[in-house]
Structure formats: C-alpha cells, structure tokens
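Text of protein_26.pdb, listed as PDB, C-alpha atoms, pLDDT in the B column:
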ATOM      1  CA  MET A   1     154.946 125.015 135.818  1.00 37.00           C
ATOM      2  CA  THR A   2     153.470 125.422 139.284  1.00 39.00           C
ATOM      3  CA  THR A   3     154.199 129.039 140.241  1.00 45.00           C
ATOM      4  CA  GLU A   4     150.963 130.632 141.445  1.00 52.00           C
ATOM      5  CA  LEU A   5     149.410 133.581 139.677  1.00 58.00           C
ATOM      6  CA  ASN A   6     147.851 136.675 141.187  1.00 56.00           C
ATOM      7  CA  THR A   7     144.392 135.693 142.412  1.00 50.00           C
ATOM      8  CA  GLN A   8     142.730 138.857 141.103  1.00 58.00           C
ATOM      9  CA  ALA A   9     140.038 138.014 138.524  1.00 69.00           C
ATOM     10  CA  ARG A  10     141.345 138.371 134.971  1.00 91.00           C
ATOM     11  CA  GLU A  11     140.169 137.471 131.504  1.00 97.00           C
ATOM     12  CA  VAL A  12     141.797 134.274 130.317  1.00 98.00           C
ATOM     13  CA  ALA A  13     142.901 133.051 126.887  1.00 98.00           C
ATOM     14  CA  TRP A  14     143.379 129.267 126.649  1.00 98.00           C
ATOM     15  CA  ILE A  15     145.580 128.076 123.805  1.00 98.00           C
ATOM     16  CA  ALA A  16     145.799 124.375 122.946  1.00 98.00           C
ATOM     17  CA  GLY A  17     148.500 123.035 120.678  1.00 97.00           C
ATOM     18  CA  VAL A  18     151.523 124.893 122.040  1.00 97.00           C
ATOM     19  CA  GLY A  19     154.962 123.441 121.413  1.00 93.00           C
ATOM     20  CA  ALA A  20     158.234 125.112 120.436  1.00 91.00           C
ATOM     21  CA  SER A  21     158.939 128.726 121.362  1.00 91.00           C
ATOM     22  CA  ALA A  22     159.538 129.370 117.647  1.00 89.00           C
ATOM     23  CA  GLY A  23     156.062 128.144 116.702  1.00 93.00           C
ATOM     24  CA  LEU A  24     152.554 129.446 116.160  1.00 97.00           C
ATOM     25  CA  GLY A  25     151.122 128.289 119.505  1.00 97.00           C
ATOM     26  CA  ALA A  26     153.785 130.171 121.429  1.00 97.00           C
ATOM     27  CA  ALA A  27     153.345 133.256 119.239  1.00 97.00           C
ATOM     28  CA  LEU A  28     149.614 133.219 119.973  1.00 98.00           C
ATOM     29  CA  ALA A  29     150.302 132.951 123.694  1.00 98.00           C
ATOM     30  CA  ARG A  30     152.682 135.910 123.577  1.00 98.00           C
ATOM     31  CA  ARG A  31     150.266 138.076 121.585  1.00 98.00           C
ATOM     32  CA  PHE A  32     147.286 137.495 123.852  1.00 98.00           C
ATOM     33  CA  ALA A  33     149.461 138.022 126.926  1.00 98.00           C
ATOM     34  CA  GLU A  34     150.582 141.338 125.419  1.00 98.00           C
ATOM     35  CA  GLY A  35     146.906 142.173 124.958  1.00 98.00           C
ATOM     36  CA  GLY A  36     146.323 141.876 128.699  1.00 97.00           C
ATOM     37  CA  PHE A  37     145.061 138.312 128.953  1.00 98.00           C
ATOM     38  CA  ARG A  38     146.125 135.767 131.513  1.00 98.00           C
ATOM     39  CA  VAL A  39     147.253 132.973 129.196  1.00 98.00           C
ATOM     40  CA  ALA A  40     146.935 129.222 129.763  1.00 98.00           C
ATOM     41  CA  VAL A  41     148.968 127.057 127.384  1.00 98.00           C
ATOM     42  CA  THR A  42     148.288 123.382 126.727  1.00 98.00           C
ATOM     43  CA  GLY A  43     150.461 120.899 124.857  1.00 97.00           C
ATOM     44  CA  ARG A  44     152.143 117.530 125.247  1.00 94.00           C
ATOM     45  CA  SER A  45     155.565 118.735 126.434  1.00 95.00           C
ATOM     46  CA  PRO A  46     155.663 120.130 129.988  1.00 97.00           C
ATOM     47  CA  GLU A  47     159.228 121.302 129.444  1.00 97.00           C
ATOM     48  CA  ARG A  48     158.387 123.353 126.369  1.00 96.00           C
ATOM     49  CA  LEU A  49     155.313 124.826 128.008  1.00 97.00           C
ATOM     50  CA  ALA A  50     157.337 125.816 131.057  1.00 97.00           C
ATOM     51  CA  ALA A  51     159.874 127.618 128.869  1.00 97.00           C
ATOM     52  CA  ILE A  52     157.144 129.600 127.100  1.00 97.00           C
ATOM     53  CA  VAL A  53     155.498 130.519 130.412  1.00 98.00           C
ATOM     54  CA  GLU A  54     158.813 131.806 131.741  1.00 98.00           C
ATOM     55  CA  GLU A  55     159.323 133.827 128.577  1.00 97.00           C
ATOM     56  CA  ILE A  56     155.896 135.461 128.897  1.00 98.00           C
ATOM     57  CA  ARG A  57     156.403 136.202 132.579  1.00 98.00           C
ATOM     58  CA  ALA A  58     159.820 137.708 131.902  1.00 98.00           C
ATOM     59  CA  ALA A  59     158.102 140.107 129.497  1.00 97.00           C
ATOM     60  CA  GLY A  60     155.619 141.148 132.188  1.00 97.00           C
ATOM     61  CA  GLY A  61     152.709 138.908 131.236  1.00 97.00           C
ATOM     62  CA  GLU A  62     150.803 136.247 133.145  1.00 97.00           C
ATOM     63  CA  ALA A  63     150.818 132.637 131.996  1.00 98.00           C
ATOM     64  CA  LEU A  64     150.342 129.113 133.279  1.00 97.00           C
ATOM     65  CA  ALA A  65     151.325 125.770 131.756  1.00 98.00           C
ATOM     66  CA  LEU A  66     148.574 123.142 131.635  1.00 98.00           C
ATOM     67  CA  PRO A  67     149.990 120.055 129.894  1.00 97.00           C
ATOM     68  CA  GLY A  68     147.513 117.565 128.523  1.00 96.00           C
ATOM     69  CA  ASP A  69     146.018 115.623 125.629  1.00 95.00           C
ATOM     70  CA  VAL A  70     143.282 117.702 123.969  1.00 94.00           C
ATOM     71  CA  SER A  71     141.634 114.610 122.492  1.00 95.00           C
ATOM     72  CA  ASP A  72     141.035 113.164 125.986  1.00 96.00           C
ATOM     73  CA  GLU A  73     137.617 114.365 127.132  1.00 97.00           C
ATOM     74  CA  HIS A  74     138.262 113.730 130.820  1.00 97.00           C
ATOM     75  CA  ALA A  75     141.673 115.422 130.718  1.00 97.00           C
ATOM     76  CA  VAL A  76     140.259 118.505 129.009  1.00 97.00           C
ATOM     77  CA  ALA A  77     137.404 118.729 131.525  1.00 97.00           C
ATOM     78  CA  ALA A  78     139.964 118.647 134.337  1.00 97.00           C
ATOM     79  CA  LEU A  79     141.993 121.383 132.654  1.00 97.00           C
ATOM     80  CA  ALA A  80     138.835 123.481 132.311  1.00 97.00           C
ATOM     81  CA  LEU A  81     138.442 123.402 136.078  1.00 96.00           C
ATOM     82  CA  ARG A  82     141.948 124.840 136.386  1.00 96.00           C
ATOM     83  CA  ILE A  83     141.049 127.521 133.827  1.00 96.00           C
ATOM     84  CA  ALA A  84     138.030 128.549 135.913  1.00 95.00           C
ATOM     85  CA  GLU A  85     140.360 129.129 138.858  1.00 95.00           C
ATOM     86  CA  LEU A  86     142.487 131.525 136.793  1.00 95.00           C
ATOM     87  CA  GLY A  87     139.703 133.934 135.904  1.00 97.00           C
ATOM     88  CA  VAL A  88     137.015 134.427 133.259  1.00 98.00           C
ATOM     89  CA  LEU A  89     137.643 132.440 130.095  1.00 98.00           C
ATOM     90  CA  ARG A  90     137.103 134.761 127.161  1.00 98.00           C
ATOM     91  CA  VAL A  91     139.175 133.215 124.352  1.00 98.00           C
ATOM     92  CA  GLY A  92     139.885 129.618 123.328  1.00 98.00           C
ATOM     93  CA  ILE A  93     142.262 128.802 120.462  1.00 98.00           C
ATOM     94  CA  PHE A  94     142.638 125.303 119.052  1.00 98.00           C
ATOM     95  CA  ASN A  95     146.009 125.021 117.325  1.00 98.00           C
ATOM     96  CA  ALA A  96     146.708 121.283 117.665  1.00 96.00           C
ATOM     97  CA  ALA A  97     147.303 119.114 114.591  1.00 93.00           C
ATOM     98  CA  SER A  98     148.793 115.800 113.605  1.00 89.00           C
ATOM     99  CA  GLY A  99     149.204 113.881 110.393  1.00 84.00           C
ATOM    100  CA  THR A 100     151.566 111.360 108.826  1.00 89.00           C
ATOM    101  CA  ARG A 101     153.042 112.322 105.471  1.00 91.00           C
ATOM    102  CA  ALA A 102     152.911 109.158 103.352  1.00 94.00           C
ATOM    103  CA  PRO A 103     151.632 107.798 100.027  1.00 95.00           C
ATOM    104  CA  THR A 104     148.047 106.725 100.546  1.00 95.00           C
ATOM    105  CA  LEU A 105     148.700 103.006 100.047  1.00 97.00           C
ATOM    106  CA  GLU A 106     151.402 103.158 102.722  1.00 96.00           C
ATOM    107  CA  LEU A 107     149.165 104.969 105.206  1.00 96.00           C
ATOM    108  CA  SER A 108     147.836 102.720 107.961  1.00 96.00           C
ATOM    109  CA  ALA A 109     144.397 102.945 109.507  1.00 97.00           C
ATOM    110  CA  ASP A 110     146.053 103.738 112.845  1.00 96.00           C
ATOM    111  CA  GLN A 111     147.915 106.685 111.323  1.00 96.00           C
ATOM    112  CA  PHE A 112     144.748 107.940 109.660  1.00 96.00           C
ATOM    113  CA  GLU A 113     142.833 107.661 112.920  1.00 96.00           C
ATOM    114  CA  GLN A 114     145.554 109.449 114.873  1.00 96.00           C
ATOM    115  CA  ALA A 115     145.362 112.448 112.539  1.00 96.00           C
ATOM    116  CA  TRP A 116     141.596 112.558 113.011  1.00 97.00           C
ATOM    117  CA  ARG A 117     141.877 112.074 116.772  1.00 96.00           C
ATOM    118  CA  THR A 118     144.221 115.025 117.257  1.00 96.00           C
ATOM    119  CA  SER A 119     142.915 117.493 114.687  1.00 96.00           C
ATOM    120  CA  THR A 120     139.190 116.720 114.621  1.00 97.00           C
ATOM    121  CA  LEU A 121     138.212 114.937 117.807  1.00 98.00           C
ATOM    122  CA  GLY A 122     140.563 117.223 119.723  1.00 98.00           C
ATOM    123  CA  GLY A 123     138.896 120.245 118.150  1.00 98.00           C
ATOM    124  CA  PHE A 124     135.487 118.964 119.179  1.00 98.00           C
ATOM    125  CA  VAL A 125     136.504 118.086 122.751  1.00 98.00           C
ATOM    126  CA  PHE A 126     138.365 121.347 123.315  1.00 98.00           C
ATOM    127  CA  GLY A 127     135.799 123.459 121.502  1.00 98.00           C
ATOM    128  CA  LYS A 128     132.858 121.966 123.372  1.00 98.00           C
ATOM    129  CA  GLN A 129     134.515 122.580 126.729  1.00 98.00           C
ATOM    130  CA  VAL A 130     135.422 126.147 125.786  1.00 98.00           C
ATOM    131  CA  LEU A 131     131.897 126.821 124.555  1.00 98.00           C
ATOM    132  CA  VAL A 132     130.402 125.756 127.889  1.00 98.00           C
ATOM    133  CA  SER A 133     132.604 128.310 129.663  1.00 98.00           C
ATOM    134  CA  LEU A 134     132.123 131.110 127.124  1.00 98.00           C
ATOM    135  CA  LEU A 135     128.345 130.756 127.253  1.00 98.00           C
ATOM    136  CA  ALA A 136     128.418 130.819 131.057  1.00 97.00           C
ATOM    137  CA  ASN A 137     130.658 133.905 130.954  1.00 97.00           C
ATOM    138  CA  GLY A 138     128.455 135.861 128.565  1.00 97.00           C
ATOM    139  CA  GLY A 139     130.316 135.268 125.306  1.00 98.00           C
ATOM    140  CA  GLY A 140     133.794 135.273 123.845  1.00 98.00           C
ATOM    141  CA  THR A 141     135.895 133.952 120.989  1.00 98.00           C
ATOM    142  CA  LEU A 142     136.705 130.429 119.799  1.00 99.00           C
ATOM    143  CA  LEU A 143     139.320 130.164 117.043  1.00 99.00           C
ATOM    144  CA  PHE A 144     140.532 127.139 115.080  1.00 98.00           C
ATOM    145  CA  THR A 145     143.780 126.833 113.115  1.00 98.00           C
ATOM    146  CA  GLY A 146     143.211 125.438 109.655  1.00 98.00           C
ATOM    147  CA  ALA A 147     145.510 124.730 106.724  1.00 97.00           C
ATOM    148  CA  THR A 148     145.629 124.560 102.951  1.00 96.00           C
ATOM    149  CA  ALA A 149     144.480 120.977 103.474  1.00 96.00           C
ATOM    150  CA  SER A 150     141.244 122.286 104.999  1.00 97.00           C
ATOM    151  CA  LEU A 151     140.166 123.187 101.456  1.00 96.00           C
ATOM    152  CA  ARG A 152     141.721 120.523  99.257  1.00 95.00           C
ATOM    153  CA  GLY A 153     143.176 117.067  99.629  1.00 95.00           C
ATOM    154  CA  ARG A 154     146.299 115.941  97.854  1.00 94.00           C
ATOM    155  CA  PRO A 155     148.943 113.260  98.312  1.00 94.00           C
ATOM    156  CA  PRO A 156     150.842 112.538 100.487  1.00 95.00           C
ATOM    157  CA  PHE A 157     148.540 114.273 103.007  1.00 95.00           C
ATOM    158  CA  ALA A 158     145.350 112.185 102.849  1.00 96.00           C
ATOM    159  CA  ALA A 159     145.046 111.764 106.623  1.00 96.00           C
ATOM    160  CA  PHE A 160     145.900 115.373 107.426  1.00 96.00           C
ATOM    161  CA  ALA A 161     143.547 116.743 104.764  1.00 97.00           C
ATOM    162  CA  ALA A 162     140.620 114.592 105.894  1.00 97.00           C
ATOM    163  CA  ALA A 163     141.106 115.671 109.511  1.00 97.00           C
ATOM    164  CA  LYS A 164     141.519 119.362 108.688  1.00 97.00           C
ATOM    165  CA  ALA A 165     138.511 119.435 106.370  1.00 98.00           C
ATOM    166  CA  ALA A 166     136.415 117.913 109.143  1.00 98.00           C
ATOM    167  CA  LEU A 167     137.696 120.511 111.610  1.00 98.00           C
ATOM    168  CA  ARG A 168     136.618 123.261 109.210  1.00 98.00           C
ATOM    169  CA  SER A 169     133.099 121.829 109.044  1.00 98.00           C
ATOM    170  CA  LEU A 170     133.047 121.587 112.818  1.00 98.00           C
ATOM    171  CA  SER A 171     133.960 125.263 113.146  1.00 98.00           C
ATOM    172  CA  GLN A 172     131.122 126.199 110.776  1.00 98.00           C
ATOM    173  CA  SER A 173     128.653 124.130 112.796  1.00 98.00           C
ATOM    174  CA  PHE A 174     129.777 125.778 116.019  1.00 98.00           C
ATOM    175  CA  ALA A 175     129.582 129.244 114.452  1.00 98.00           C
ATOM    176  CA  ARG A 176     126.029 128.764 113.205  1.00 98.00           C
ATOM    177  CA  GLU A 177     124.842 127.349 116.519  1.00 98.00           C
ATOM    178  CA  PHE A 178     126.610 129.598 118.995  1.00 98.00           C
ATOM    179  CA  GLY A 179     127.186 132.865 117.112  1.00 98.00           C
ATOM    180  CA  PRO A 180     123.633 134.025 117.900  1.00 98.00           C
ATOM    181  CA  GLN A 181     124.438 133.357 121.558  1.00 98.00           C
ATOM    182  CA  GLY A 182     127.390 135.742 121.571  1.00 98.00           C
ATOM    183  CA  VAL A 183     130.283 133.394 120.787  1.00 98.00           C
ATOM    184  CA  HIS A 184     132.474 134.373 117.843  1.00 98.00           C
ATOM    185  CA  VAL A 185     133.704 131.167 116.197  1.00 98.00           C
ATOM    186  CA  ALA A 186     136.228 131.552 113.392  1.00 98.00           C
ATOM    187  CA  HIS A 187     138.502 129.316 111.327  1.00 98.00           C
ATOM    188  CA  VAL A 188     141.901 130.561 110.129  1.00 98.00           C
ATOM    189  CA  ILE A 189     143.365 128.887 107.050  1.00 98.00           C
ATOM    190  CA  ILE A 190     147.158 128.942 107.097  1.00 97.00           C
ATOM    191  CA  ASP A 191     147.974 128.653 103.389  1.00 96.00           C
ATOM    192  CA  GLY A 192     151.735 128.316 103.289  1.00 92.00           C
ATOM    193  CA  GLY A 193     154.733 127.304 105.334  1.00 90.00           C
ATOM    194  CA  ILE A 194     155.172 128.765 108.805  1.00 91.00           C
ATOM    195  CA  ASP A 195     158.641 130.116 109.543  1.00 88.00           C
ATOM    196  CA  GLY A 196     159.043 128.159 112.774  1.00 78.00           C
ATOM    197  CA  GLU A 197     161.146 125.472 114.370  1.00 75.00           C
ATOM    198  CA  ARG A 198     159.348 122.537 112.735  1.00 75.00           C
ATOM    199  CA  LEU A 199     159.852 123.698 109.146  1.00 72.00           C
ATOM    200  CA  ARG A 200     163.366 124.995 109.731  1.00 71.00           C
ATOM    201  CA  LEU A 201     164.472 121.640 111.125  1.00 70.00           C
ATOM    202  CA  ALA A 202     162.576 119.423 108.681  1.00 68.00           C
ATOM    203  CA  SER A 203     163.110 121.393 105.469  1.00 70.00           C
ATOM    204  CA  PRO A 204     165.844 124.048 105.706  1.00 76.00           C
ATOM    205  CA  GLN A 205     166.181 124.094 101.924  1.00 73.00           C
ATOM    206  CA  ARG A 206     162.570 125.219 101.599  1.00 75.00           C
ATOM    207  CA  VAL A 207     163.229 128.068 104.012  1.00 71.00           C
ATOM    208  CA  ALA A 208     166.169 129.194 101.902  1.00 70.00           C
ATOM    209  CA  GLU A 209     164.237 128.885  98.648  1.00 76.00           C
ATOM    210  CA  ARG A 210     161.278 130.952  99.816  1.00 77.00           C
ATOM    211  CA  GLY A 211     163.353 134.047 100.494  1.00 76.00           C
ATOM    212  CA  ALA A 212     162.380 137.170 102.422  1.00 73.00           C
ATOM    213  CA  ASP A 213     158.761 137.119 103.612  1.00 86.00           C
ATOM    214  CA  GLY A 214     158.177 133.900 101.655  1.00 87.00           C
ATOM    215  CA  LEU A 215     157.019 132.061 104.775  1.00 94.00           C
ATOM    216  CA  LEU A 216     154.379 133.053 107.289  1.00 94.00           C
ATOM    217  CA  ASP A 217     155.843 134.808 110.320  1.00 94.00           C
ATOM    218  CA  PRO A 218     154.260 133.285 113.484  1.00 96.00           C
ATOM    219  CA  ALA A 219     154.000 136.723 115.091  1.00 97.00           C
ATOM    220  CA  ALA A 220     152.199 138.085 112.025  1.00 97.00           C
ATOM    221  CA  ILE A 221     149.762 135.155 112.106  1.00 98.00           C
ATOM    222  CA  ALA A 222     149.156 135.752 115.810  1.00 98.00           C
ATOM    223  CA  GLU A 223     148.369 139.401 115.093  1.00 98.00           C
ATOM    224  CA  ALA A 224     145.687 138.305 112.614  1.00 98.00           C
ATOM    225  CA  TYR A 225     144.110 136.065 115.278  1.00 98.00           C
ATOM    226  CA  TRP A 226     144.133 139.004 117.680  1.00 98.00           C
ATOM    227  CA  GLN A 227     142.382 141.209 115.128  1.00 98.00           C
ATOM    228  CA  VAL A 228     139.711 138.552 114.509  1.00 98.00           C
ATOM    229  CA  HIS A 229     139.117 138.369 118.246  1.00 98.00           C
ATOM    230  CA  LYS A 230     138.735 142.176 118.384  1.00 98.00           C
ATOM    231  CA  GLN A 231     136.168 142.371 115.567  1.00 98.00           C
ATOM    232  CA  PRO A 232     132.913 144.119 116.505  1.00 98.00           C
ATOM    233  CA  ARG A 233     130.010 141.685 116.520  1.00 96.00           C
ATOM    234  CA  SER A 234     128.298 143.672 113.758  1.00 98.00           C
ATOM    235  CA  ALA A 235     131.040 142.462 111.375  1.00 98.00           C
ATOM    236  CA  TRP A 236     132.373 139.049 112.395  1.00 98.00           C
ATOM    237  CA  SER A 237     134.483 136.851 110.132  1.00 98.00           C
ATOM    238  CA  GLN A 238     133.799 133.120 110.212  1.00 98.00           C
ATOM    239  CA  GLU A 239     136.844 132.322 108.111  1.00 98.00           C
ATOM    240  CA  ILE A 240     139.951 134.123 106.952  1.00 98.00           C
ATOM    241  CA  ASP A 241     142.959 132.879 105.014  1.00 98.00           C
ATOM    242  CA  LEU A 242     146.576 133.915 105.461  1.00 98.00           C
ATOM    243  CA  ARG A 243     149.446 133.351 103.053  1.00 96.00           C
ATOM    244  CA  PRO A 244     152.780 134.954 102.092  1.00 95.00           C
ATOM    245  CA  TYR A 245     152.596 137.566  99.357  1.00 93.00           C
ATOM    246  CA  ASN A 246     154.380 135.294  96.866  1.00 89.00           C
ATOM    247  CA  GLU A 247     152.403 132.105  97.589  1.00 89.00           C
ATOM    248  CA  THR A 248     150.336 130.800  94.667  1.00 88.00           C
ATOM    249  CA  PHE A 249     146.690 129.942  95.295  1.00 89.00           C
TER     250      PHE A 249
END
Just dump the structure as structure tokens.
Amino acid sequence: MTTELNTQAREVAWIAGVGASAGLGAALARRFAEGGFRVAVTGRSPERLAAIVEEIRAAGGEALALPGDVSDEHAVAALALRIAELGVLRVGIFNAASGTRAPTLELSADQFEQAWRTSTLGGFVFGKQVLVSLLANGGGTLLFTGATASLRGRPPFAAFAAAKAALRSLSQSFAREFGPQGVHVAHVIIDGGIDGERLRLASPQRVAERGADGLLDPAAIAEAYWQVHKQPRSAWSQEIDLRPYNETF
C-alpha cells in the first residue's frame, strides 16, 4: 500500500503479526485507529495488509501497510525508519506467532527453531526496536500476545509452547527494565480459541461445538488491549488473561 498519509504529526500504533481481516491483528489495528492513532500494520502478506488498510481508511482512520519479517533485525530497523516518518510512535503490539502441531518425536529441529524464530526472536527484535523509539519519545506501551501455551506445555504443541513461554519471560524482563523509564510493557494471555478466519477454516466443528460466546471475539480482545494501554501508570498490569466465560482453566 503506497498511498501517502497526511504529513501532520500524529501518534502511531505499530502492530506486527497482522494477517486476515477476520483475525486478531486486524482487530487490533481497527481498534487503535478508532482510538485516534495512525496505524502501521506489518505482516507477511502485502495483499492482506492492503485490504486491512483500505478497510480502516474507509472507516475514516489512517493506516499504512508495512510488510516484512519481524524476525529479521535489518528489515525491522528499516521499517522503524518508516514509522518515524509517520509520526510519534506511542504503541507497539507484537502479535506474530508460529508453531507446527505435531507429536514431539515427529517434530524436526527446523520446525522447532522456526517457532522460536517467529514467536521469540521476533518478539525480541520488534520489542527492542519499539523500545528505542518509545524511550526517545518519552514513553508509551509495548504489548505482547501470549497464549495458553505461555503457561503450560502439552503435546502436540512442544515447539509453540517453548516459544511462547520464552516470549512471556522476555516481556517480564522488558517490563522490569523499562517500566521505571515510562514504558508500559504487558503480556496478554489468550486462553481459548479465537473466533477468526484461521480457526473457522481449520476446525469448523470446534466453532460449532463451542456455541454462543464460546470463542474469543477478536474485537473484544482488541478492546482489552486498548484498556491496558489506557491504564494510568499508578496501576499498570504486566499480565492479563482473557478467556471465554465457559472455558475451563
């Protein structure tokens, strides 16, 4: 997406890990655009990003597509330069994840590494770059999307669980180091299925079985992220968990 934005200085929210319109990344982009932010969306599919940008603009918001690989340090640094041209970065959200579902003895080292590279290394590369900007801009918010696997490992999700648990520890390290410098770092555990394109295509029977409000609504999740961002600094959350009312835990 190459359409230019208004050059007037605006606060920017940068969201990494944006894919389908019916997904959490897109819902986060819409919510922060509704809140008055100029939104930059990063993901692997330029076509999907362009569609989300057009949707936000049609609703009166401002958005720009910045495709890229969040685990590539040089690529993320280049994207950060584009972000600086858009305005003042105030919010960074890391929503990227990857993981092969397989019995442990069928899981290859390459598959295990890929899960770590996207979910953990990507979180570090993106988070570090966002932190540099937030500190220079006088503070802001850095949010990470977690999962049930952030708290416990179980088959057939060994690679995903290891990567998500490491991302959780990374968010805690960032929070302890940079919270006193005015950066609110928080980790959001998504404990349940998200009612989005991925689950509806991969497991329609699960969608039917869960019933009304049995899956997490992406817009409702996005609202929780917005509320964490808006917390006064006298009462910051470092971690929250979200699940449907009928989800066991």
Report task. Just the residues within 8 Å of segment 221-225 of chain A, please, counting all atoms listed in the file, with nothing from its chain fewer than 3 positions along; format it as a list of chain:residue names. Result -> A:Leu24, A:Ala27, A:Leu28, A:Arg31, A:Leu143, A:Val188, A:Leu216, A:Asp217, A:Pro218, A:Val228, A:His229, A:Leu242
Quick one: which residues end up in the PyMOL selection byres ((chain A and resi 139) around 8) for this structure, as a CSV table (one decimal) with C-alpha atoms, in the coordinates of the input?
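Saved file out22.csv follows:
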chain,number,residue,atom,x,y,z
A,90,ARG,CA,137.1,134.8,127.2
A,134,LEU,CA,132.1,131.1,127.1
A,135,LEU,CA,128.3,130.8,127.3
A,136,ALA,CA,128.4,130.8,131.1
A,137,ASN,CA,130.7,133.9,131.0
A,138,GLY,CA,128.5,135.9,128.6
A,140,GLY,CA,133.8,135.3,123.8
A,141,THR,CA,135.9,134.0,121.0
A,181,GLN,CA,124.4,133.4,121.6
A,182,GLY,CA,127.4,135.7,121.6
A,183,VAL,CA,130.3,133.4,120.8
A,184,HIS,CA,132.5,134.4,117.8
**Report entry** Cut-off 8 Å around (148.3, 119.1, 116.2) with all atoms listed in the file: residues as a PyMOL selection string
**Finding:** chain A and resi 17+95-99+118-119
Report task. Given the file shown, determine the residues that the PyMOL selection byres ((chain A and resi 173) around 12) selects; report them as a PyMOL selection string. Result -> chain A and resi 124+127-128+166-172+174-179+185-187+238
**Report entry** Within 8 Å of segment 42-47 of chain A using only C-alpha atoms, minus same-chain residues under 6 positions, as an MDAnalysis selection string
**Finding:** chainID A and resid 1 14:19 65:70
Requested in this report: Considering all atoms listed in the file, return as an MDAnalysis selection string whatever protein or nucleic-acid residues lie within 9 Å of Glu197 of chain A, sequence-local ones (same chain, fewer than 2 positions apart) excluded.
Outcome: chainID A and resid 20:23 194:195 199:202
Requested in this report: Mind giving me the straight-line distance from atom CA of Thr120 of chain A to atom CA of Ile190 of chain A in Å, one decimal?
Outcome: 16.4 Å
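Going from atom CA of Ala165 of chain A over to atom CA of Glu106 of chain A, you cover 21.1 Å.
Atom CA of Phe249 of chain A is found 9.4 Å from atom CA of Thr148 of chain A.
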Query raised in the report: What does the PyMOL selection byres ((chain A and resi 60) around 12) select in this file, as a PyMOL selection string?
Result: chain A and resi 30+33-38+53-59+61-63
Report task. Excluding Pro103 of chain A and any residue of its chain fewer than 4 positions from it, enumerate the residues within 7 Å of it, using all atoms listed in the file, and give them as a list in words. Result -> Leu107, Pro155 and Pro156 of chain A
Query - Within 6 Å of file point (144.2, 132.6, 123.7), counting all atoms listed in the file, expressed as an MDAnalysis selection string - result: chainID A and resid 13:15 32 91:93
Report task. Find the spatial neighbours of segment 71-79 of chain A, counting all atoms listed in the file, within a cut-off of 7 Å - ignore same-chain residues fewer than 6 positions away - and output them as number ranges by chain. Result -> A: 117-118, 121-122, 125-126, 129
Exercise on segment 55-59 of chain A, axis-aligned box with 4 Å per side, report centre and edge lengths in Å to one decimal, as AutoDock Vina command-line options:
--center_x 157.9 --center_y 137.0 --center_z 130.6 --size_x 11.9 --size_y 14.3 --size_z 12.0
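The smallest atom-to-atom distance between Ala109 of chain A and any of A:Ala158, A:Val207, A:Asp241, A:Gly123, using only C-alpha atoms, is found for A:Ala158.
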**Report entry** Of the listed residues A:Ile83, A:Ala220, A:Ala235, A:Ile240, that which approaches Ala147 of chain A most closely, counting all atoms listed in the file
**Finding:** A:Ile240
